[in-house]
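What follows is a set of notes on a single structure, which appears directly below.
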Amino acid sequence: MSTSPSDWEVVIGLEVHVQLHTRAKVFASSPWGFGKEPNEQVDPVVLGLPGTLPVVNREAVEKSILFGLVVGASVPEHCSWDRKNYFYPDNPKNYQLTQKDFPVVVGGQVEIELPGASRNVMGEHKFIRIHHAHLEEDVGKLSHAGSGSLVDYNRAGVPLLEIVTEPDLRSSAEAEAFLRSLVAMLTQAGVADCDMEKGQLRCDCNVSVRRRGVEKLGTRTETKNLNSISSVRDTVIYETARQIRELEAGRSITQETRGWNAELARGYVLRDKEDAHDYRYFPDPDIPTLKISRETVARLTKLVPENLYDRQRRYVEKLALPYTAASVLVNDRALAEWFELAVAAHPTNPSGIANLVANDLLRDLAASAGAAGSFDEAAPAQVSLSSCLIKPAQLAGLVKLTDDGVISKQQAKEVFAEMFKSGQDAAAIVDAKGLRQNSDTGELEKIVQEVIADPAVAKSIAEYRAGNEKAINALKGPIMKRTQGKANPVLIDQLLRKFLG
Amino acid sequence: MADALHTLSAAELGRRIAAGTLTSRALCEAFIVRYKTINDKVGAFTHLDEADVLAQADASDARRKAGQGRGPLEGIPVAIKDNIAVKGQPLTCSSKMLASLISPYDSHVAERLRAAGAILYGRLNMDEFAMGSSTENSAIRKTFNPWDLARIPGGSSGGSAAALAAGLVPLSLGSDTGGSIRQPASHCGVVGLKPTYGLISRFGLVAFASSLDQIGPMARSIEDCELLLNALASADARDMTCFGPSDRALTPAGDAKKLRIGIPKGFLGKGVAPEVAAAVNAAIEFYRSQGCAISEVELPSADLAVPTYYVVATAEASSNLGRYDGVRYGHRSATAGTPVEMMTASRSEGFGPEVKRRILLGTFVLSAGYADAYYVRALRARAKIRAEYLAALAGVDVLLTPTVPTPAFKVGEKASDPLQLYLEDIFTIPANLAGLPAISVPCGKSGHLPVGFHLVGAPLSEAKLLAAGRLFEAAHGYAHQQAAL
């Protein structure tokens with residue numbers, strides 16, 4: 001649903017702030033994490049005590065470079081940090097260390113997939129260019145309590161990668177798809193966890209509109225601090241409609257910084273251009289320019305996982321998976337790799353394995369764990385395979401038993417449920433439950449002939465021979481009864497046709 | 001004998017302690033007695049924790065008796081400028097802003113001194129946040145020149161120099177951003193060394209201008225200065241600009257008589273007091289008589305040094321001092337209001353006028369629309385000055401000039417003329433801009449006031465500076481000189 005009339009085009013650029021997955025803070029050795037008591041995760045450096053100095057956390061730089069490699073950016077020979085000066089109590093030094101002139105990531109692009117006509121149909125793919133990404137420090141949190149204010153510096157100094165796109169996005173749906181794709185890439189490479197409920201991913205959204213066909217960009221507004229994909233989508237829809245309304249009424253758009261009230265589902269003005277801060281940027285004299293060695297880049301390149309959509313194309317084209325199953329699997333790197341281990345153990349039926357993983361396994365894992373929160377509340381729940389008792393080779397064994405006709409598809413569901421509970425091999429469950437199908441041709445021929453000879457089925461035989469295909473099914477019941485339901489239904493069908501033919 | 005301890009060198013005191021003829025406790029008690037009788041006249045110290053000093057001394061004596069002495073500084077008191085963090089001690093920077101701050105951590109140099117067995121002995125007065133050349137900008141107290149109590153000791157490490165000249169301590173630490181070790185050393189007749197930028201960790205040094213600041217040793221002789229330097233230089237992963245100890249800087253240089261000495265053209269001309277010029281010219285003649293090659297060198301951009309310095313240093317200071325806002329520590333205004341109003345009021349009340357002047361100047365030169373004309377141009381000028389100094393030092397080993405153009409002036413004499421005061425550092429500033437090592441060595445008197453000469457060397461040429469100083473010192477009577485108080 002778009003609120004923009006077709007003669008207007010919306011242009012969107014995003015600045016995505018992602019907390020990197022590191023043990024220590026970006027310029028201090030203090031650890032960080034979620035759910036600690038206020039000001040528990042601080043040290044003299046984090047608090048900016050007099051005389052303390054920043055030291056760049058290698059792990060944070062390497063995670064940033066890894067992101068660059070994931071999006072195909074060029075990794076610069078060096079990067080450096082600048083001071084962004086402004087006064088606010090959540091900012092321990094009253095300057096923020098950021099990268100203005102020489103960021104750690106330059107360029108790159110993120111492939112996105114727009115929704116298809118239905119869930120079974122793949123939508124259009126596009127590439128969104130990344131302008132750059134810079135590594136900076138997060139600030140603390142100021143809260144107001146009674147007559148005073150309280151500040152918690154646990155978050156101060158947490159490594160924050162700010163990913164800035166080119167203004168390549170053209171709809172709220174594209175913005176959503178971009179963020180979903182970005183989150184998948186960040187999490188799959190282990191760069192970030194992107195947990196929205198923990199504030200690990202926040203977004204500034206630049207929106208402008210222009211008449212279709214006009215090249216010049218319209219005046220943009222920036223809505224800051226959006227902390228979910230839905231609020232980005234809603235902001236784009238709201239801001240697009242507001243700007244078109246203003247322009248159509250003959251008014252102009254003011255370049256301004258805006259906020260978003262998710263409860264009221266409306267934006268508001270934070271400050272206009274006149275009030276813009278003068279941050280007095282200058283190179284941080286405490287951090288020398290950092291050289292990024294080609295050895296480091298080569299080492300990190302080995303850690304880049306297969307691209308989400310390259311994997312999806314491979315599943316559909318090489319493994320002949322249905323799009324629906326492929327799209328579910330590639331969304332979760334661990335799940336996809338689990339699936340591939342199973343395929344390696346039983347390479348002849350990837351679809352059979354994919355269906356069990358994408359449907360049965362995911363459903364049962366979600367039901368047993370309860371889904372964790374994510375930045376994208378509409379996305380499939382990320383489940384943890386760590387608690388999964390079934391090993392990939394065991395699942396392959398189950399599919400192989402079905403493919404070999406040892407058990408029926410119906411029995412396979414029952415065996416799967418037992419495997420999920422106990423972690424036993426499929427064959428052991430089949431044996432223990434006595435589920436193994438009777439595929440002994442000699443024995444079954446005898447039983448089939450006995451049943452055919454039974455006068456009780458003579459009428460059905462006559463009908464079948466007269467051309468009523470379905471009449472043959474009436475003979476299968478008695479055969480199943482004599483074999484306690486274990487007769488291989490495919491074999492019985494063949495034998496019946498042979499003897500009646 | 002105890003009453004003469006304050007006249008001895010740190011090296012001699014160390015030898016006596018090592019030999020067991022002197023205890024650290026006896027030494028520290030003697031200095032505490034002297035502190036009680038003299039410090040109020042001189043005002044060098046802002047704080048001395050006697051109980052802590054004696055506890056350290058007893059621990060040192062116990063170590064030595066157990067055969068675990070840590071070297072030549074074992075048991076020797078070292079006084080520390082009040083902008084260098086020592087755990088559990090005040091870290092005021094002589095500012096109202098930090099008057100109540102007790103450091104919760106040790107600077108790297110404090111750790112090094114403890115590892116060397118030294119006694120961390122008291123806090124020394126300074127210009128507020130190291131901004132000044134007279135120690136008159138201290139918000140805590142005045143410090144007077146021990147050679148003439150009506151005069152300033154220099155600054156900003158005025159307490160560090162005055163404590164040595166008054167025999168209040170055998171060794172001290174200063175910090176030098178534009179001359180803050182060397183200028184007071186010259187005015188007080190002691191030795192002060194600013195090392196190559198990066199030789200000594202700045203971790204725990206309260207930043208004034210991060211790209212210029214260095215901690216350095218101060219003493220009454222070259223030998224003592226070298227002892228302290230060797231203890232301070234070591235690698236430190238907490239300061240990314242510190243490259244750690246260097247054999248080149250610390251290995252004693254060869255024959256000082258073979259040093260090639262450059263005399264920058266025009267530096268002994270206008271603005272240099274005749275007595276200062278005479279003392280420095282005598283030093284040049286001494287080196288010539290020893291066989292050193294003396295030549296004139298050109299430093300055409302030298303005039304740019306002071307204006308360049310006041311742009312770069314104030315720009316960095318305006319940002320470095322941003323953290324003092326009353327939120328986490330330090331002075332907090334009683335004025336109620338929003339957090340930002342509280343921060344503004346705290347800064348207005350907590351900083352003195354010179355600090356405010358420099359913050360405003362630095363804020364201006366970094367502002368949108370002005371940064372290119374001031375800050376960016378200053379960086380270019382800085383690069384040019386560094387290139388000229390390095391080029392000059394490719395042809396000579398050291399550059400010799402006066403340390404300060406004139407002897408110590410009277411308290412209050414220049415207080416109302418900041419521009420005049422800024423010229424005190426005209427000879428010392430280039431070494432900071434270029435990151436070069438430099439030393440001030442006492443070389444005479446102007447009347448009763450000490451005069452020093454200044455040597456600048458190539459990066460990591462500390463050993464040459466010390467060798468040159470030693471050669472001069474051995475032939476003159478200025479080592480261990482103290483004012484009579």
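Scheme for the structure tokens: letters A, B, ... for chains in order shown; per-chain residue numbers from 1; ligand numbers from 1 in order shown.
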
Using only C-alpha atoms, determine which residues lie at most 12 Å from A:Lys126, disregarding the query and same-chain residues fewer than 6 positions distant; provide the list as a JSON list (two decimals) with all heavy atoms, in the first residue's frame.
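Output below, filename result18.json:
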[["chain", "number", "residue", "atom", "x", "y", "z"],
["A", 109, "GLN", "N", 27.71, -2.90, -1.76],
["A", 109, "GLN", "CA", 26.28, -2.90, -2.07],
["A", 109, "GLN", "C", 25.59, -4.07, -1.38],
["A", 109, "GLN", "O", 26.21, -5.08, -1.07],
["A", 109, "GLN", "CB", 26.05, -2.95, -3.58],
["A", 109, "GLN", "CG", 26.69, -4.14, -4.25],
["A", 109, "GLN", "CD", 26.49, -4.11, -5.76],
["A", 109, "GLN", "OE1", 25.98, -3.13, -6.31],
["A", 109, "GLN", "NE2", 26.87, -5.19, -6.43],
["A", 110, "VAL", "N", 24.31, -3.87, -1.14],
["A", 110, "VAL", "CA", 23.51, -4.89, -0.47],
["A", 110, "VAL", "C", 22.40, -5.32, -1.42],
["A", 110, "VAL", "O", 21.61, -4.48, -1.89],
["A", 110, "VAL", "CB", 22.91, -4.34, 0.85],
["A", 110, "VAL", "CG1", 21.90, -5.30, 1.44],
["A", 110, "VAL", "CG2", 24.03, -4.06, 1.85],
["A", 111, "GLU", "N", 22.33, -6.61, -1.72],
["A", 111, "GLU", "CA", 21.25, -7.12, -2.57],
["A", 111, "GLU", "C", 20.00, -7.25, -1.73],
["A", 111, "GLU", "O", 20.04, -7.72, -0.60],
["A", 111, "GLU", "CB", 21.65, -8.49, -3.14],
["A", 111, "GLU", "CG", 20.64, -9.03, -4.16],
["A", 111, "GLU", "CD", 21.09, -10.33, -4.82],
["A", 111, "GLU", "OE1", 22.17, -10.84, -4.48],
["A", 111, "GLU", "OE2", 20.33, -10.83, -5.68],
["A", 112, "ILE", "N", 18.89, -6.81, -2.29],
["A", 112, "ILE", "CA", 17.63, -6.95, -1.56],
["A", 112, "ILE", "C", 16.62, -7.71, -2.40],
["A", 112, "ILE", "O", 16.73, -7.79, -3.62],
["A", 112, "ILE", "CB", 17.02, -5.58, -1.15],
["A", 112, "ILE", "CG1", 16.57, -4.77, -2.38],
["A", 112, "ILE", "CG2", 18.02, -4.79, -0.32],
["A", 112, "ILE", "CD1", 15.71, -3.57, -2.02],
["A", 113, "GLU", "N", 15.63, -8.30, -1.74],
["A", 113, "GLU", "CA", 14.56, -9.03, -2.41],
["A", 113, "GLU", "C", 13.22, -8.45, -1.97],
["A", 113, "GLU", "O", 12.93, -8.44, -0.78],
["A", 113, "GLU", "CB", 14.64, -10.52, -2.05],
["A", 113, "GLU", "CG", 13.54, -11.36, -2.70],
["A", 113, "GLU", "CD", 13.67, -12.84, -2.35],
["A", 113, "GLU", "OE1", 14.66, -13.47, -2.77],
["A", 113, "GLU", "OE2", 12.79, -13.35, -1.64],
["A", 114, "LEU", "N", 12.49, -7.97, -2.93],
["A", 114, "LEU", "CA", 11.18, -7.40, -2.61],
["A", 114, "LEU", "C", 10.16, -8.54, -2.51],
["A", 114, "LEU", "O", 10.38, -9.62, -3.05],
["A", 114, "LEU", "CB", 10.78, -6.41, -3.70],
["A", 114, "LEU", "CG", 11.66, -5.16, -3.70],
["A", 114, "LEU", "CD1", 11.50, -4.38, -4.98],
["A", 114, "LEU", "CD2", 11.34, -4.29, -2.49],
["A", 115, "PRO", "N", 9.05, -8.30, -1.79],
["A", 115, "PRO", "CA", 8.05, -9.36, -1.65],
["A", 115, "PRO", "C", 7.50, -9.76, -3.02],
["A", 115, "PRO", "O", 7.30, -8.92, -3.90],
["A", 115, "PRO", "CB", 6.96, -8.71, -0.80],
["A", 115, "PRO", "CG", 7.59, -7.53, -0.16],
["A", 115, "PRO", "CD", 8.67, -7.08, -1.09],
["A", 168, "ASP", "N", 19.31, 5.29, -2.64],
["A", 168, "ASP", "CA", 18.90, 4.35, -3.69],
["A", 168, "ASP", "C", 17.54, 3.72, -3.44],
["A", 168, "ASP", "O", 17.02, 3.03, -4.31],
["A", 168, "ASP", "CB", 19.94, 3.21, -3.79],
["A", 168, "ASP", "CG", 21.22, 3.65, -4.51],
["A", 168, "ASP", "OD1", 21.25, 4.80, -4.99],
["A", 168, "ASP", "OD2", 22.15, 2.84, -4.58],
["A", 169, "LEU", "N", 16.98, 3.93, -2.28],
["A", 169, "LEU", "CA", 15.72, 3.26, -1.95],
["A", 169, "LEU", "C", 14.55, 4.10, -2.43],
["A", 169, "LEU", "O", 14.56, 5.33, -2.31],
["A", 169, "LEU", "CB", 15.65, 3.02, -0.43],
["A", 169, "LEU", "CG", 16.76, 2.11, 0.13],
["A", 169, "LEU", "CD1", 16.95, 2.32, 1.63],
["A", 169, "LEU", "CD2", 16.43, 0.65, -0.16],
["A", 170, "ARG", "N", 13.52, 3.42, -2.96],
["A", 170, "ARG", "CA", 12.42, 4.15, -3.62],
["A", 170, "ARG", "C", 11.05, 3.87, -3.02],
["A", 170, "ARG", "O", 10.05, 4.30, -3.56],
["A", 170, "ARG", "CB", 12.40, 3.80, -5.12],
["A", 170, "ARG", "CG", 13.61, 4.33, -5.91],
["A", 170, "ARG", "CD", 13.58, 5.86, -6.04],
["A", 170, "ARG", "NE", 14.74, 6.36, -6.74],
["A", 170, "ARG", "CZ", 15.89, 6.67, -6.13],
["A", 170, "ARG", "NH1", 16.01, 6.55, -4.82],
["A", 170, "ARG", "NH2", 16.92, 7.10, -6.84],
["A", 173, "ALA", "N", 8.67, -0.37, 1.09],
["A", 173, "ALA", "CA", 8.93, -1.81, 0.94],
["A", 173, "ALA", "C", 10.41, -2.06, 0.67],
["A", 173, "ALA", "O", 10.99, -3.02, 1.18],
["A", 173, "ALA", "CB", 8.09, -2.37, -0.20],
["A", 174, "GLU", "N", 11.04, -1.18, -0.11],
["A", 174, "GLU", "CA", 12.46, -1.34, -0.37],
["A", 174, "GLU", "C", 13.28, -1.10, 0.90],
["A", 174, "GLU", "O", 14.27, -1.78, 1.16],
["A", 174, "GLU", "CB", 12.93, -0.41, -1.49],
["A", 174, "GLU", "CG", 12.41, -0.85, -2.84],
["A", 174, "GLU", "CD", 13.03, -0.06, -4.02],
["A", 174, "GLU", "OE1", 13.97, 0.72, -3.80],
["A", 174, "GLU", "OE2", 12.54, -0.26, -5.13],
["A", 175, "ALA", "N", 12.86, -0.11, 1.67],
["A", 175, "ALA", "CA", 13.56, 0.16, 2.93],
["A", 175, "ALA", "C", 13.47, -1.05, 3.86],
["A", 175, "ALA", "O", 14.46, -1.46, 4.48],
["A", 175, "ALA", "CB", 12.99, 1.41, 3.61],
["A", 177, "ALA", "N", 12.93, -4.19, 2.94],
["A", 177, "ALA", "CA", 13.70, -5.30, 2.36],
["A", 177, "ALA", "C", 15.19, -5.09, 2.58],
["A", 177, "ALA", "O", 15.93, -6.03, 2.87],
["A", 177, "ALA", "CB", 13.39, -5.42, 0.87],
["A", 178, "PHE", "N", 15.63, -3.82, 2.47],
["A", 178, "PHE", "CA", 17.05, -3.53, 2.69],
["A", 178, "PHE", "C", 17.45, -3.89, 4.12],
["A", 178, "PHE", "O", 18.47, -4.56, 4.35],
["A", 178, "PHE", "CB", 17.34, -2.05, 2.43],
["A", 178, "PHE", "CG", 18.72, -1.63, 2.86],
["A", 178, "PHE", "CD1", 19.82, -1.92, 2.07],
["A", 178, "PHE", "CD2", 18.92, -0.98, 4.06],
["A", 178, "PHE", "CE1", 21.10, -1.57, 2.47],
["A", 178, "PHE", "CE2", 20.18, -0.63, 4.48],
["A", 178, "PHE", "CZ", 21.28, -0.91, 3.68],
["A", 181, "SER", "N", 17.58, -7.62, 4.68],
["A", 181, "SER", "CA", 18.76, -8.19, 4.03],
["A", 181, "SER", "C", 20.03, -7.85, 4.81],
["A", 181, "SER", "O", 20.88, -8.71, 5.06],
["A", 181, "SER", "CB", 18.83, -7.64, 2.60],
["A", 181, "SER", "OG", 19.81, -8.28, 1.87],
["A", 309, "TYR", "N", 21.65, -14.38, -1.03],
["A", 309, "TYR", "CA", 20.89, -14.63, -2.26],
["A", 309, "TYR", "C", 21.66, -15.50, -3.24],
["A", 309, "TYR", "O", 21.06, -16.19, -4.06],
["A", 309, "TYR", "CB", 20.44, -13.30, -2.89],
["A", 309, "TYR", "CG", 19.46, -12.60, -1.98],
["A", 309, "TYR", "CD1", 19.76, -11.37, -1.39],
["A", 309, "TYR", "CD2", 18.24, -13.20, -1.66],
["A", 309, "TYR", "CE1", 18.88, -10.76, -0.54],
["A", 309, "TYR", "CE2", 17.35, -12.59, -0.79],
["A", 309, "TYR", "CZ", 17.68, -11.37, -0.23],
["A", 309, "TYR", "OH", 16.80, -10.77, 0.64]]

DSSP alpha helix (DSSP H) residues within stretch 94-287 of chain B, listed as number ranges by chain: B: 108-115, 158-165, 182-188, 222-232, 247-250, 274-287

Neighbour list for stretch 214-221 of chain A as a PyMOL selection string, cut-off 8 Å, only C-alpha atoms, skip fewer than 2 positions in-chain: chain A and resi 11+206-212+223+253-258

Store the residues picked out above in a file with all heavy atoms, as a compact mmCIF listing (two decimals), in the first residue's frame.
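Saved file part-v2.txt follows:
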# COMPACT_ATOMS: atom_id res chain seq x y z
N VAL A 11 12.54 9.31 -2.41
CA VAL A 11 13.95 8.92 -2.41
C VAL A 11 14.39 8.78 -0.94
O VAL A 11 14.20 9.70 -0.15
CB VAL A 11 14.82 9.99 -3.11
CG1 VAL A 11 16.30 9.63 -3.01
CG2 VAL A 11 14.40 10.13 -4.56
N ASN A 206 16.49 9.23 5.97
CA ASN A 206 16.42 10.46 5.18
C ASN A 206 15.42 10.28 4.05
O ASN A 206 15.53 9.34 3.27
CB ASN A 206 17.80 10.76 4.58
CG ASN A 206 18.80 11.13 5.65
OD1 ASN A 206 18.85 12.25 6.12
ND2 ASN A 206 19.60 10.15 6.07
N VAL A 207 14.46 11.18 3.99
CA VAL A 207 13.38 11.06 3.00
C VAL A 207 13.23 12.38 2.24
O VAL A 207 13.24 13.46 2.84
CB VAL A 207 12.03 10.73 3.69
CG1 VAL A 207 10.90 10.68 2.67
CG2 VAL A 207 12.12 9.39 4.43
N SER A 208 13.11 12.26 0.92
CA SER A 208 12.71 13.42 0.13
C SER A 208 11.79 12.91 -0.99
O SER A 208 11.76 11.72 -1.27
CB SER A 208 13.92 14.14 -0.47
OG SER A 208 14.57 13.31 -1.42
N VAL A 209 11.03 13.83 -1.57
CA VAL A 209 10.18 13.44 -2.71
C VAL A 209 10.48 14.38 -3.88
O VAL A 209 11.00 15.49 -3.70
CB VAL A 209 8.67 13.50 -2.38
CG1 VAL A 209 8.33 12.54 -1.25
CG2 VAL A 209 8.23 14.91 -2.04
N ARG A 210 10.21 13.89 -5.08
CA ARG A 210 10.36 14.72 -6.28
C ARG A 210 9.34 14.25 -7.30
O ARG A 210 8.87 13.11 -7.25
CB ARG A 210 11.79 14.62 -6.84
CG ARG A 210 12.19 13.21 -7.24
CD ARG A 210 13.64 13.13 -7.70
NE ARG A 210 14.06 11.74 -7.91
CZ ARG A 210 15.31 11.35 -8.12
NH1 ARG A 210 16.29 12.22 -8.14
NH2 ARG A 210 15.60 10.08 -8.31
N ARG A 211 9.02 15.12 -8.21
CA ARG A 211 8.13 14.75 -9.31
C ARG A 211 8.80 13.66 -10.13
O ARG A 211 10.01 13.76 -10.40
CB ARG A 211 7.85 15.97 -10.21
CG ARG A 211 7.07 17.06 -9.51
CD ARG A 211 5.58 16.93 -9.82
NE ARG A 211 4.84 17.99 -9.13
CZ ARG A 211 3.54 17.90 -8.86
NH1 ARG A 211 2.84 16.83 -9.23
NH2 ARG A 211 2.94 18.89 -8.24
N ARG A 212 8.06 12.67 -10.50
CA ARG A 212 8.61 11.62 -11.34
C ARG A 212 9.21 12.23 -12.62
O ARG A 212 8.61 13.11 -13.21
CB ARG A 212 7.51 10.62 -11.71
CG ARG A 212 8.00 9.19 -11.75
CD ARG A 212 6.86 8.21 -11.77
NE ARG A 212 6.40 7.86 -10.43
CZ ARG A 212 7.07 7.02 -9.60
NH1 ARG A 212 8.19 6.47 -9.99
NH2 ARG A 212 6.59 6.75 -8.41
N THR A 223 14.75 11.64 9.91
CA THR A 223 14.08 11.19 11.13
C THR A 223 15.02 10.27 11.87
O THR A 223 15.51 9.29 11.32
CB THR A 223 12.76 10.47 10.80
OG1 THR A 223 11.95 11.35 10.02
CG2 THR A 223 12.01 10.08 12.06
N ILE A 253 9.52 22.25 1.58
CA ILE A 253 9.97 21.35 2.65
C ILE A 253 11.15 22.01 3.35
O ILE A 253 12.05 22.55 2.72
CB ILE A 253 10.41 20.00 2.06
CG1 ILE A 253 9.26 19.36 1.28
CG2 ILE A 253 10.92 19.06 3.15
CD1 ILE A 253 8.01 19.10 2.11
N THR A 254 11.11 22.00 4.67
CA THR A 254 12.22 22.54 5.45
C THR A 254 13.21 21.41 5.74
O THR A 254 12.80 20.32 6.14
CB THR A 254 11.70 23.09 6.80
OG1 THR A 254 10.61 23.95 6.53
CG2 THR A 254 12.79 23.83 7.54
N GLN A 255 14.48 21.70 5.50
CA GLN A 255 15.49 20.69 5.88
C GLN A 255 15.57 20.66 7.39
O GLN A 255 15.98 21.63 8.03
CB GLN A 255 16.84 21.04 5.26
CG GLN A 255 17.87 19.94 5.53
CD GLN A 255 19.21 20.22 4.89
OE1 GLN A 255 19.31 20.97 3.92
NE2 GLN A 255 20.24 19.61 5.42
N GLU A 256 15.17 19.54 7.98
CA GLU A 256 15.08 19.51 9.44
C GLU A 256 15.34 18.10 9.96
O GLU A 256 15.31 17.11 9.22
CB GLU A 256 13.69 19.97 9.90
CG GLU A 256 12.57 19.09 9.39
CD GLU A 256 11.17 19.74 9.47
OE1 GLU A 256 11.08 20.93 9.78
OE2 GLU A 256 10.20 19.02 9.23
N THR A 257 15.60 18.05 11.24
CA THR A 257 15.80 16.77 11.92
C THR A 257 14.52 16.47 12.68
O THR A 257 13.98 17.32 13.36
CB THR A 257 16.99 16.87 12.89
OG1 THR A 257 18.14 17.26 12.14
CG2 THR A 257 17.26 15.55 13.56
N ARG A 258 14.01 15.24 12.50
CA ARG A 258 12.71 14.89 13.06
C ARG A 258 12.82 13.67 13.97
O ARG A 258 13.78 12.90 13.91
CB ARG A 258 11.71 14.60 11.93
CG ARG A 258 11.53 15.78 10.96
CD ARG A 258 10.59 15.43 9.82
NE ARG A 258 9.25 15.08 10.26
CZ ARG A 258 8.27 15.95 10.48
NH1 ARG A 258 8.49 17.24 10.30
NH2 ARG A 258 7.10 15.54 10.89

Residues within 8 Å of stretch 79-89 of chain B, only C-alpha atoms, excluding chain neighbours under 3 positions, as an MDAnalysis selection string: (chainID A and resid 51) or (chainID B and resid 92:94 102:107 110 120:126 129:130 157 159:160 169 171:175 204:206)

Long-range neighbours of B:Arg288 as number ranges by chain, 12 Å cut-off, only C-alpha atoms, 4 positions minimum in chain: B: 256-263, 281-284, 292-295, 471-472

Expected answer as number ranges by chain: chain A residues within 10 Å of chain B, only C-alpha atoms: A: 27-29, 43-45, 47-56, 83-95, 142, 144, 147-151, 277-289

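Reported to one decimal place, the separation of atom CA of A:Glu62 from atom CA of A:Leu329 is 27.4 Å.
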
Residue nearest A:Tyr323 among A:Ala462, A:Ala474, A:Ala354, A:Leu495 (counting only C-alpha atoms): A:Ala354

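The smallest atom-to-atom distance between B:Asp61 and any of B:Ala19, B:Ala383, B:Val441, B:Val411, using only C-alpha atoms, is found for B:Ala19.
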
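Compared by their closest atoms to B:Thr21, and using only C-alpha atoms, the residues B:Arg220, B:Arg70, B:Arg64, B:Arg248 rank with B:Arg64 nearest.
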
In stretch 183-341 of chain B, DSSP strand (DSSP E or B) residues written as number ranges by chain: B: 191-194, 205, 214-219, 260-264, 293-297

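Atom to atom, atom CA of B:Gly352 and atom CA of B:Asp40 stand 22.8 Å apart.
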
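The shortest atom-to-atom distance to A:Gln449, with only C-alpha atoms taken into account, belongs to A:Leu475 out of A:Ile244, A:Val61, A:Leu475, A:Ala417.
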
Shell of 8 Å around stretch 129-135 of chain A, only C-alpha atoms, local chain residues under 6 positions omitted, as number ranges by chain: A: 60-61, 64, 68, 98-100, 103-110, 159-166, 168

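Each of B:Gly189, B:Pro300, B:Gly178, B:Gly452 was checked against B:Leu436 using only C-alpha atoms; the smallest atom-to-atom distance is that of B:Gly178.
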